[in-house]
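K.L.:
Sharing a structure below in structure tokens format, with a few things to ask.
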Amino acid sequence: MPAQFNTAVITGAGAGLGRALCLQLAAPGARLLLADIDRARCEESAQLAERAGGQATAQVVDVSDAAQVERLAEAAERVLGRIDLVVNNAGVAVGGAIGRIPLEDWRWIVNINLWGVIHGCHAFAPRLVRQGGGAILNVASLAGIACAPQMSAYNVTKAGVIALSETLCAELADEHVRVTVLCPAFFKTNLMETMRTSDPEIRALAAAAFANSTMTADEVAAVALRAVARGRLYCLPMREGRIVWRLKRLMPERFARLVANRRLQRMAEQRNA
């Protein structure tokens, strides 16, 4: 665990990347406040952290509710005192084409993936400024950069998290508060458990991408924490993600055509199968 992260708050800590971050930080002397909408999983993460030598408190939080996130921030001040690191990690997935995704699913994912991070930054950033410094890790995705077809709702929320993080980094540059946005490609996590889609093909493609991922949640967590410790704004743990990021930045129009052409090629393969 990076030495400067003696205390941390992690949302979505009950499984996947949230739990991996929790265990990466759970060194002797560490004090963690873990939040998740699933009480049993959150308490299990707290128990695992304590077995690893840290101290952990579990709290049930729905990040889409600003009042609950504010109470989490208040609890962090009571339980931890100084807050070294805030991780806005809680997230869900929705798949489908624009016009076919139910608006209810749009609202669901925006409330969690985007508003959840907004609520976290709104509640914690002023506290970090008041205490004289700290760090924020916002979990986005390569999806917020690549914007692949059939994942519009997910793409929009993750692109919003990237924009929010970039803005926050600039606003807090003179306040000794570091901001890092994590943009991983697919890796093994529990996101499929709650994914909403009416298209079995999208679910199958997503499941295959997760199964064939090149990094584990533990590896992504370790890379992310190193990036925060080094004060990096962007963290793209996978090589393929860094290639996509650079290609889009250098040749955005060509990148958009490549994405569209890849979709047309996939549709042709399906028709000929």
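Labeling convention for the structure tokens: chains A, B, ... as they appear, residues from 1 per chain, ligands from 1 in order of appearance.
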Show which residues sit within 9 Å of Val87 of chain A, as a list of chain:residue names. Count only C-alpha atoms, and ignore same-chain residues fewer than 6 positions away.
P.N.:
A:Ala8, A:Val9, A:Ile10, A:Thr11, A:Gly12, A:Gly18, A:Leu21, A:Gly120, A:Ala135, A:Ile136, A:Leu137, A:Asn138, A:Val139
K.L.:
Please identify all polymer residues within 12 Å of Arg82 of chain A, counting only C-alpha atoms, omitting same-chain residues fewer than 4 positions from it, and present them as a list in words.
P.N.:
Gln4, Phe5, Asn6, Thr7, Ala8, Val9, Arg31, Leu32, Leu33, Ala73, Glu74, Ala75, Ala76, Glu77, Arg78, Val86, Phe124, Arg127, Leu128, Val129, Arg130, Gln131, Gly132, Gly133, Gly134 and Ala135 of chain A
K.L.:
May I ask which of the residues A:Met251, A:Lys188, A:Arg242, A:Ala90 is the closest one to Asn111 of chain A, counting only C-alpha atoms?
P.N.:
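Checking each candidate against Asn111 of chain A, we get A:Ala90 as the closest.
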K.L.:
List as a PyMOL selection string the protein and nucleic acid residues near Val161 of chain A, meaning an atom at most 8 Å away when only C-alpha atoms are counted, but skip any in the same chain fewer than 4 places from it.
P.N.:
chain A and resi 113-114+117+138-140+157+165+181
K.L.:
Here is a test: counting only C-alpha atoms, which residue of A:Thr197, A:Arg19, A:Leu80, A:Arg71 is nearest to Ala217 of chain A?
P.N.:
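Of A:Thr197, A:Arg19, A:Leu80, A:Arg71, the one nearest Ala217 of chain A is A:Arg19, counting only C-alpha atoms.
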K.L.:
Got a sec to tell me which of segment 25-259 of chain A DSSP assigns to strand (DSSP E), as a PyMOL selection string?
P.N.:
chain A and resi 31-36+55-60+85-88+134-139+177-182+234-235
K.L.:
Near Cys42 of chain A, within 8 Å and counting only C-alpha atoms, which residues show up once chain neighbours fewer than 6 positions away are dropped, as a list in words?
P.N.:
Ala13, Gly14, Ala15, Leu34, Ala35, Asp36, Ala58, Gln59 and Val60 of chain A
